[in-house]
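S.K.: Structure in structure tokens, see below.
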Amino acid sequence: MSKTLFDKVWDSHVVRKIENGPDVLFIDRHLVHEVTSPVAFLGLSNRNIPVLYPERTFATADHNTPTRNQHLPVQDPLSANQLRALEKNARDHGIPYWGLGHEKNGIVHVIGPENGITLPGATIVCGDSHTSTHGAFGAIAFGIGTSEVEMVLATQCIMQPKPKRMRISINGKLSPAVTPKDVALFIIAKLTTSGATGYFVEYSGEVFRDMSMEGRMTVCNLSIEMGARGGMVAPDAKTFAYVKGREFAPKGAAWDAAMAYWQTLHTDPDAVFDKELRFDGSEIEPMITYGTNPGMGMGIGQSIPLAEAVEGGVATYRKSLDYMAFHEGEPMLGKKIDFVFLGSCTNGRIEDFRAFTQMVKGRKKADNVTAWLVPGSHQVEAAIKEEGLLDILHEAGFELREPGCSACLAMNDDKIPAGKYAVSTSNRNFEGRQGPGARTLLASPLVAAAAAVTGKVTDPRELLTLETA
Amino acid sequence: MAYDKFKVLKSTAVPMPIENVDTDQIIPARFLKATERKGFGDNLFRDWRYNADNTPKEQFVLNNPIYQGKILVGGKNFGSGSSREHAAWAVYDYGFRCVVSSFFADIFRNNCLNVGVLPVQVSPAFLEQIFEAIEADPKTELVVDLPAQTITVVATGQKEAFDINAYKKDNLLNGFDDIDYLLNIKSDIKIFAGNTPL
Ligand code: SF4
């Protein structure tokens with residue numbers, strides 16, 4: 001029978017089907033961080049049960065960690081306590097733990113792929129909604145709640161109704177300065193934040209085939225922002241080349257066996273999706289958001305839509321613009337900004353730093369801008385230095401922080417002050433996401449770089465034209 | 001974690017006719033630093049409920065004593081965003097046992113079911129009727145009948161059926177959780193794992 005990529009991976013992981021109920025799904029690999037795991041470990045000790053397969057779980061510290069002076073004790077007592085709890089839980093249960101300062105430490109969705117934990121055809125979960133990132137490798141990867149973290153620790157399974165299947169095909173070529181982040185923000189703006197709820201999405205077509213693994217990760221990462229449980233891209237030669245040789249990837253005979261399976265991981269020609277959408281890659285522009293959910297995005301040169309032109313409640317829409325202190329119908333270009341955040345599991349990988357650096361090279365950071373550049377991991381940080389990007393960044397007036405989630409969710413000190421505007425490469429522009437009262441404009445690393453050197457919302461194509469002129 | 005069994009809930013309701021309420025609003029990230037599941041209700045909707053100086057924002061519905069009850073009625077796409085189960089804990093801990101909306105985000109719905117909060121998805125038209133009924137009389141009661149899978153506005157008699165899968169329904173009626181089920185089939189899981197390379 002013809003099957004989609006999603007069906008192939010899902011069906012091969014079903015331990016048991018419950019009639020009128022969820023499937024019992026086996027989880028190959030489980031990622032854990034300090035914020036959503038303590039209560040799960042507590043649950044285990046209350047029930048007095050061990051972790052069933054500790055070698056299938058990997059733990060890192062990222063959400064709560066400072067991005068400066070990581071060699072010093074963590075100042076915030078609550079954060080320090082959470083970090084201690086994770087370290088102890090990992091030790092007690094024999095789970096590998098990469099704490100602050102460890103060479104493998106970094107944002108959970110950055111270190112998974114880097115270390116070969118993320119594999120094609122695997123089921124991967126983590127108590128974080130952007131687990132969808134790992135779908136870039138043709139894995140089924142999604143975020144879970146803490147009760148489910150406990151289930152995976154205890155039984156290596158969770159219980160899930162099988163999502164429906166959606167395919168989003170984008171063919172054509174992307175224009176200059178249009179990045180994977182723009183592709184994702186474009187799709188979310190089309191679908192709204194609930195447009196893919198209940199679905200697992202496969203991204204297919206030329207645009208995704210042409211994309212680097214980093215780019216695919218950015219797109220899959222943002223699947224959750226249109227409500228989808230996850231997104232995936234069929235693995236190909238690029239995927240296999242990325243995975244090969246990484247620490248936790250199969251080796252030798254196991255690699256050959258894995259490759260034999262991975263080669264089958266594509267949607268069969270006549271497989272059926274519950275929903276199919278098609279877009280043209282050449283229509284996508286550099287994007288920016290103007291509101292308080294990731295679906296409120298538009299081409300950077302456009303004007304903020306009028307309330308009556310948007311689907312959904314007018315009152316909710318106006319509340320959102322009020323929060324941003326923006327008005328219907330006005331352009332975003334030229335708006336003064338205060339902060340730039342380059343980082344997060346969406347755009348905190350080496351390619352993102354390359355793009356940002358390329359744009360700021362030979363220019364200077366604008367005086368009115370505070371810029372936080374936060375690599376997704378120590379490996380990214382090392383690459384930034386090795387490739388000479390750091391020198392260029394310093395030259396342009398930027399500094400690099402230490403890895404972590406940072407201002408993506410502002411659990412540490414990296415909070416955007418109330419009322420200030422931040423052009424951010426992260427994934428959520430919700431009210432207060434980057435600090436109480438903070439106003440977030442989501443965009444690509446190129447748009448962030450253009451804003452960082454001009455101090456306002458700027459079309460990155462303008463700066464590119466200047467370069468080539 | 002065990003929770004109270006859910007059968008029939010009759011209660012007044014708190015209306016929140018806002019769309020796309022995300023879990024960052026339900027419980028802001030800075031309150032996720034606990035290592036125990038305690039006290040999250042105090043910070044439910046923290047930034048909508050309190051000013052920066054911790055004084056209550058009077059116009060916010062949870063600060064309006066007219067509106068009380070164990071049912072929270074929200075706008076479309078309730079619970080979007082972050083997977084933090086703390087959002088469902090906060091809802092439960094505050095005293096809500098049921099959230100009604102015309103559309104729920106997946107993970108939030110799952111999390112609710114796992115912690116003993118019943119998410120009831122109704123049609124957009126019925127959701128409007130509920131909001132209107134509460135606006136007309138904040139003392140309006142709703143009856144959420146899990147065995148019968150219906151929700152009724154007592155004053156008007158308007159009633160609608162809702163969906164829930166049989167397995168989850170059974171869990172809620174009995175106060176069971178998924179871990180109990182999974183632990184019972186551990187031997188099957190071990191056989192499966194034996195055939196699944198790392
Ligand atoms: S960077 Fe942001 S979205 Fe990614 S794991 Fe950290 S908090 Fe979650």
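Identifiers for the structure tokens are assigned positionally: chains receive A, B, ... in sequence, residues are indexed from 1 per chain, and ligands are indexed from 1 in the order shown.
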Give me every alpha helix (DSSP H) residue in region 231-396 of chain A, going by DSSP on the backbone, as JSON, numbers by chain.
M.R.: {"A": [237, 238, 239, 240, 241, 242, 243, 252, 253, 254, 255, 256, 257, 258, 259, 260, 261, 262, 314, 315, 316, 317, 318, 319, 320, 321, 322, 323, 324, 344, 345, 346, 347, 350, 351, 352, 353, 354, 355, 356, 357, 358, 359, 360, 378, 379, 380, 381, 382, 383, 384, 385, 386, 389, 390, 391, 392, 393, 394, 395]}
S.K.: Only residues of chain B matter here; which ones have an atom within 6 Å of chain A, counting only C-alpha atoms? Give them as a VMD selection string.
M.R.: chain B and resid 18 29 to 30 33 35 to 36 82 to 85 111 165 to 167 179
S.K.: Can you write just those residues out, N, CA, C and O atoms, as a short mmCIF file (atom, residue, chain, number, x, y, z; two decimals), in the first residue's frame?
M.R.:
data_model
loop_
_atom_site.label_atom_id
_atom_site.label_comp_id
_atom_site.auth_asym_id
_atom_site.auth_seq_id
_atom_site.Cartn_x
_atom_site.Cartn_y
_atom_site.Cartn_z
N ILE B 18 -11.26 36.00 24.03
CA ILE B 18 -10.07 36.43 23.30
C ILE B 18 -9.56 35.23 22.50
O ILE B 18 -9.58 34.11 23.01
N ALA B 29 6.84 32.53 31.23
CA ALA B 29 8.03 31.67 31.38
C ALA B 29 8.75 31.87 32.71
O ALA B 29 9.29 30.93 33.27
N ARG B 30 8.73 33.10 33.22
CA ARG B 30 9.53 33.32 34.43
C ARG B 30 8.97 32.59 35.65
O ARG B 30 9.63 32.52 36.68
N LYS B 33 10.16 28.13 37.00
CA LYS B 33 11.42 27.74 37.63
C LYS B 33 11.26 26.77 38.78
O LYS B 33 12.24 26.40 39.43
N THR B 35 10.60 23.28 40.88
CA THR B 35 10.91 21.87 40.67
C THR B 35 9.81 20.96 41.24
O THR B 35 9.94 19.77 41.31
N GLU B 36 8.74 21.61 41.69
CA GLU B 36 7.58 20.85 42.16
C GLU B 36 6.34 21.43 41.53
O GLU B 36 6.33 22.57 41.10
N SER B 82 3.74 27.38 23.42
CA SER B 82 4.64 26.51 24.18
C SER B 82 3.94 25.28 24.74
O SER B 82 2.78 25.32 25.13
N SER B 83 4.71 24.18 24.83
CA SER B 83 4.15 22.91 25.30
C SER B 83 4.07 22.82 26.82
O SER B 83 3.66 21.81 27.35
N ARG B 84 4.49 23.87 27.52
CA ARG B 84 4.57 23.81 28.98
C ARG B 84 3.28 23.28 29.62
O ARG B 84 2.23 23.90 29.54
N GLU B 85 3.41 22.16 30.30
CA GLU B 85 2.25 21.59 30.99
C GLU B 85 1.85 22.47 32.16
O GLU B 85 0.73 22.40 32.67
N ASN B 111 -2.25 18.06 27.25
CA ASN B 111 -1.79 18.32 28.61
C ASN B 111 -2.95 18.41 29.58
O ASN B 111 -2.89 17.89 30.69
N ASN B 165 -12.18 11.07 22.96
CA ASN B 165 -12.00 9.66 22.63
C ASN B 165 -12.28 8.78 23.85
O ASN B 165 -12.10 9.19 25.00
N ALA B 166 -12.76 7.56 23.56
CA ALA B 166 -13.30 6.69 24.62
C ALA B 166 -12.26 6.39 25.69
O ALA B 166 -12.57 6.34 26.88
N TYR B 167 -11.01 6.26 25.25
CA TYR B 167 -9.95 5.92 26.21
C TYR B 167 -9.74 7.06 27.21
O TYR B 167 -9.68 6.85 28.43
N ILE B 179 0.28 6.73 32.44
CA ILE B 179 1.43 5.96 32.94
C ILE B 179 0.95 4.63 33.51
O ILE B 179 1.59 3.60 33.33
#
S.K.: Counting only C-alpha atoms, what is within 9 Å of Val272 (chain A), bar same-chain residues fewer than 5 positions away, as a PyMOL selection string?
M.R.: chain A and resi 2-4+165
S.K.: Can you list, as a ChimeraX atom specification, all residues belonging to region 58-220 of chain A that DSSP tags as strand (DSSP E or B)?
M.R.: /A:58-60,97-98,106,123-126,140-143,157-160,164-171,199-204
S.K.: Tell me which protein, DNA and RNA residues are within 6 Å of region 372-374 of chain A, counting only C-alpha atoms, leaving out same-chain ones fewer than 5 positions away, and put them as number ranges by chain.
M.R.: A: 341-343, 400-401, 403
S.K.: Give me the residues near Leu446 (chain A) as a PDB file with all heavy atoms, in the first residue's frame, where near means some atom within 9 Å (using only C-alpha atoms) and where sequence neighbours in that chain fewer than 4 positions away do not count.
M.R.:
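Heads up, here's the output in around_19.pdb:
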ATOM      1  N   ALA A 177      18.159  37.233  -0.640  1.00  0.00           N
ATOM      2  CA  ALA A 177      17.799  37.732   0.692  1.00  0.00           C
ATOM      3  C   ALA A 177      16.555  37.083   1.269  1.00  0.00           C
ATOM      4  O   ALA A 177      16.075  37.461   2.333  1.00  0.00           O
ATOM      5  CB  ALA A 177      17.661  39.259   0.723  1.00  0.00           C
ATOM      6  N   VAL A 178      16.003  36.090   0.576  1.00  0.00           N
ATOM      7  CA  VAL A 178      14.880  35.324   1.136  1.00  0.00           C
ATOM      8  C   VAL A 178      15.454  34.035   1.727  1.00  0.00           C
ATOM      9  O   VAL A 178      16.104  33.259   1.032  1.00  0.00           O
ATOM     10  CB  VAL A 178      13.824  35.011   0.072  1.00  0.00           C
ATOM     11  CG1 VAL A 178      12.740  34.112   0.641  1.00  0.00           C
ATOM     12  CG2 VAL A 178      13.216  36.309  -0.440  1.00  0.00           C
ATOM     13  N   THR A 179      15.244  33.858   3.017  1.00  0.00           N
ATOM     14  CA  THR A 179      15.865  32.756   3.751  1.00  0.00           C
ATOM     15  C   THR A 179      14.811  31.729   4.182  1.00  0.00           C
ATOM     16  O   THR A 179      13.608  31.993   4.075  1.00  0.00           O
ATOM     17  CB  THR A 179      16.555  33.296   5.016  1.00  0.00           C
ATOM     18  OG1 THR A 179      15.512  33.697   5.925  1.00  0.00           O
ATOM     19  CG2 THR A 179      17.446  34.494   4.717  1.00  0.00           C
ATOM     20  N   PRO A 286      11.329  38.775   1.900  1.00  0.00           N
ATOM     21  CA  PRO A 286      11.763  38.837   3.306  1.00  0.00           C
ATOM     22  C   PRO A 286      10.556  39.234   4.167  1.00  0.00           C
ATOM     23  O   PRO A 286       9.812  40.144   3.811  1.00  0.00           O
ATOM     24  CB  PRO A 286      12.824  39.941   3.305  1.00  0.00           C
ATOM     25  CG  PRO A 286      13.335  39.974   1.895  1.00  0.00           C
ATOM     26  CD  PRO A 286      12.139  39.657   1.037  1.00  0.00           C
ATOM     27  N   ASP A 352      23.175  30.787  10.316  1.00  0.00           N
ATOM     28  CA  ASP A 352      22.508  32.036  10.679  1.00  0.00           C
ATOM     29  C   ASP A 352      23.547  33.102  11.040  1.00  0.00           C
ATOM     30  O   ASP A 352      23.385  34.281  10.711  1.00  0.00           O
ATOM     31  CB  ASP A 352      21.562  31.788  11.849  1.00  0.00           C
ATOM     32  CG  ASP A 352      20.567  30.679  11.517  1.00  0.00           C
ATOM     33  OD1 ASP A 352      19.945  30.758  10.440  1.00  0.00           O
ATOM     34  OD2 ASP A 352      20.431  29.730  12.307  1.00  0.00           O
ATOM     35  N   ALA A 355      25.100  34.352   7.827  1.00  0.00           N
ATOM     36  CA  ALA A 355      24.235  35.297   7.113  1.00  0.00           C
ATOM     37  C   ALA A 355      24.280  36.673   7.779  1.00  0.00           C
ATOM     38  O   ALA A 355      24.425  37.707   7.116  1.00  0.00           O
ATOM     39  CB  ALA A 355      22.806  34.770   7.073  1.00  0.00           C
ATOM     40  N   PHE A 356      24.158  36.674   9.097  1.00  0.00           N
ATOM     41  CA  PHE A 356      24.158  37.928   9.846  1.00  0.00           C
ATOM     42  C   PHE A 356      25.489  38.662   9.637  1.00  0.00           C
ATOM     43  O   PHE A 356      25.523  39.869   9.369  1.00  0.00           O
ATOM     44  CB  PHE A 356      23.945  37.617  11.338  1.00  0.00           C
ATOM     45  CG  PHE A 356      23.775  38.823  12.205  1.00  0.00           C
ATOM     46  CD1 PHE A 356      22.511  39.308  12.515  1.00  0.00           C
ATOM     47  CD2 PHE A 356      24.881  39.490  12.740  1.00  0.00           C
ATOM     48  CE1 PHE A 356      22.343  40.419  13.332  1.00  0.00           C
ATOM     49  CE2 PHE A 356      24.726  40.607  13.545  1.00  0.00           C
ATOM     50  CZ  PHE A 356      23.448  41.064  13.843  1.00  0.00           C
ATOM     51  N   THR A 357      26.576  37.886   9.740  1.00  0.00           N
ATOM     52  CA  THR A 357      27.906  38.480   9.623  1.00  0.00           C
ATOM     53  C   THR A 357      28.141  39.064   8.230  1.00  0.00           C
ATOM     54  O   THR A 357      28.687  40.162   8.078  1.00  0.00           O
ATOM     55  CB  THR A 357      28.993  37.424   9.931  1.00  0.00           C
ATOM     56  OG1 THR A 357      28.697  36.833  11.187  1.00  0.00           O
ATOM     57  CG2 THR A 357      30.371  38.050   9.983  1.00  0.00           C
ATOM     58  N   GLN A 358      27.686  38.311   7.238  1.00  0.00           N
ATOM     59  CA  GLN A 358      27.845  38.786   5.863  1.00  0.00           C
ATOM     60  C   GLN A 358      27.200  40.163   5.683  1.00  0.00           C
ATOM     61  O   GLN A 358      27.729  41.058   5.032  1.00  0.00           O
ATOM     62  CB  GLN A 358      27.205  37.748   4.926  1.00  0.00           C
ATOM     63  CG  GLN A 358      27.074  38.146   3.473  1.00  0.00           C
ATOM     64  CD  GLN A 358      25.771  37.596   2.883  1.00  0.00           C
ATOM     65  OE1 GLN A 358      25.234  36.603   3.367  1.00  0.00           O
ATOM     66  NE2 GLN A 358      25.264  38.249   1.858  1.00  0.00           N
ATOM     67  N   MET A 359      26.046  40.334   6.333  1.00  0.00           N
ATOM     68  CA  MET A 359      25.308  41.595   6.184  1.00  0.00           C
ATOM     69  C   MET A 359      25.939  42.747   6.959  1.00  0.00           C
ATOM     70  O   MET A 359      25.914  43.889   6.523  1.00  0.00           O
ATOM     71  CB  MET A 359      23.862  41.349   6.654  1.00  0.00           C
ATOM     72  CG  MET A 359      22.932  42.509   6.528  1.00  0.00           C
ATOM     73  SD  MET A 359      22.646  42.993   4.815  1.00  0.00           S
ATOM     74  CE  MET A 359      21.274  41.981   4.365  1.00  0.00           C
ATOM     75  N   ALA A 450      20.169  43.769   9.109  1.00  0.00           N
ATOM     76  CA  ALA A 450      19.879  45.065   8.482  1.00  0.00           C
ATOM     77  C   ALA A 450      19.355  46.045   9.532  1.00  0.00           C
ATOM     78  O   ALA A 450      19.710  47.235   9.531  1.00  0.00           O
ATOM     79  CB  ALA A 450      18.862  44.885   7.347  1.00  0.00           C
ATOM     80  N   ALA A 451      18.533  45.543  10.455  1.00  0.00           N
ATOM     81  CA  ALA A 451      18.005  46.413  11.520  1.00  0.00           C
ATOM     82  C   ALA A 451      19.121  46.805  12.485  1.00  0.00           C
ATOM     83  O   ALA A 451      19.162  47.937  12.976  1.00  0.00           O
ATOM     84  CB  ALA A 451      16.887  45.691  12.273  1.00  0.00           C
ATOM     85  N   ASP A 459      14.701  46.843   4.739  1.00  0.00           N
ATOM     86  CA  ASP A 459      14.666  45.738   3.790  1.00  0.00           C
ATOM     87  C   ASP A 459      16.099  45.305   3.489  1.00  0.00           C
ATOM     88  O   ASP A 459      16.891  46.114   3.006  1.00  0.00           O
ATOM     89  CB  ASP A 459      13.971  46.197   2.494  1.00  0.00           C
ATOM     90  CG  ASP A 459      13.662  45.036   1.578  1.00  0.00           C
ATOM     91  OD1 ASP A 459      14.444  44.050   1.581  1.00  0.00           O
ATOM     92  OD2 ASP A 459      12.648  45.103   0.859  1.00  0.00           O
ATOM     93  N   PRO A 460      16.445  44.051   3.781  1.00  0.00           N
ATOM     94  CA  PRO A 460      17.843  43.635   3.581  1.00  0.00           C
ATOM     95  C   PRO A 460      18.260  43.735   2.116  1.00  0.00           C
ATOM     96  O   PRO A 460      19.450  43.867   1.824  1.00  0.00           O
ATOM     97  CB  PRO A 460      17.858  42.182   4.063  1.00  0.00           C
ATOM     98  CG  PRO A 460      16.445  41.728   4.028  1.00  0.00           C
ATOM     99  CD  PRO A 460      15.597  42.944   4.263  1.00  0.00           C
TER     100      PRO A 460
END
S.K.: Within 7 Å of Pro124 (chain B), counting only C-alpha atoms, which residues qualify if same-chain residues fewer than 3 places away don't, as a VMD selection string?
M.R.: chain B and resid 102 127 to 128
S.K.: Please provide as an MDAnalysis selection string all residues within 9 Å of Phe103 (chain B), with the sequence filter that same-chain residues fewer than 4 positions apart are discarded (counting only C-alpha atoms).
M.R.: (chainID A and resid 194) or (chainID B and resid 75:78 120:124)
S.K.: Could you save the residues just selected, with C-alpha atoms, as an mmCIF file, in the first residue's frame?
M.R.:
data_model
loop_
_atom_site.group_PDB
_atom_site.id
_atom_site.type_symbol
_atom_site.label_atom_id
_atom_site.label_comp_id
_atom_site.auth_asym_id
_atom_site.auth_seq_id
_atom_site.Cartn_x
_atom_site.Cartn_y
_atom_site.Cartn_z
ATOM 1 C CA SER A 194 -4.068 27.335 13.996
ATOM 2 C CA GLY B 75 -11.957 32.176 22.407
ATOM 3 C CA LYS B 76 -10.817 30.213 19.376
ATOM 4 C CA ASN B 77 -7.386 28.512 19.324
ATOM 5 C CA PHE B 78 -7.009 28.410 23.081
ATOM 6 C CA VAL B 120 -14.654 20.818 25.707
ATOM 7 C CA GLN B 121 -14.669 21.861 22.079
ATOM 8 C CA VAL B 122 -17.969 23.375 20.940
ATOM 9 C CA SER B 123 -19.111 24.941 17.671
ATOM 10 C CA PRO B 124 -18.345 28.643 17.138
#
S.K.: Which of these, B:Ala133, B:Leu182, B:Leu32, B:Ala125, has the shortest distance to ligand 1 once you count only C-alpha atoms and all ligand atoms?
M.R.: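 Closest residue, counting only C-alpha atoms and all ligand atoms: B:Leu32.
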S.K.: Between CA of Lys173 (chain A) and CA of Gly215 (chain A), what is the distance in Å, rounded to a tenth?
M.R.: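 Going from CA of Lys173 (chain A) over to CA of Gly215 (chain A), I get 14.4 Å.
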S.K.: For CA of Ala452 (chain A) and CA of Ile187 (chain A), quote the distance in Å rounded to one decimal.
M.R.: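 If I compute the distance from CA of Ala452 (chain A) to CA of Ile187 (chain A), I get 25.4 Å.
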S.K.: For Ala184 (chain A), which residue out of A:Leu442, A:Ala61, A:Ala260, A:Cys405 is the nearest one, using only C-alpha atoms?
M.R.: A:Leu442
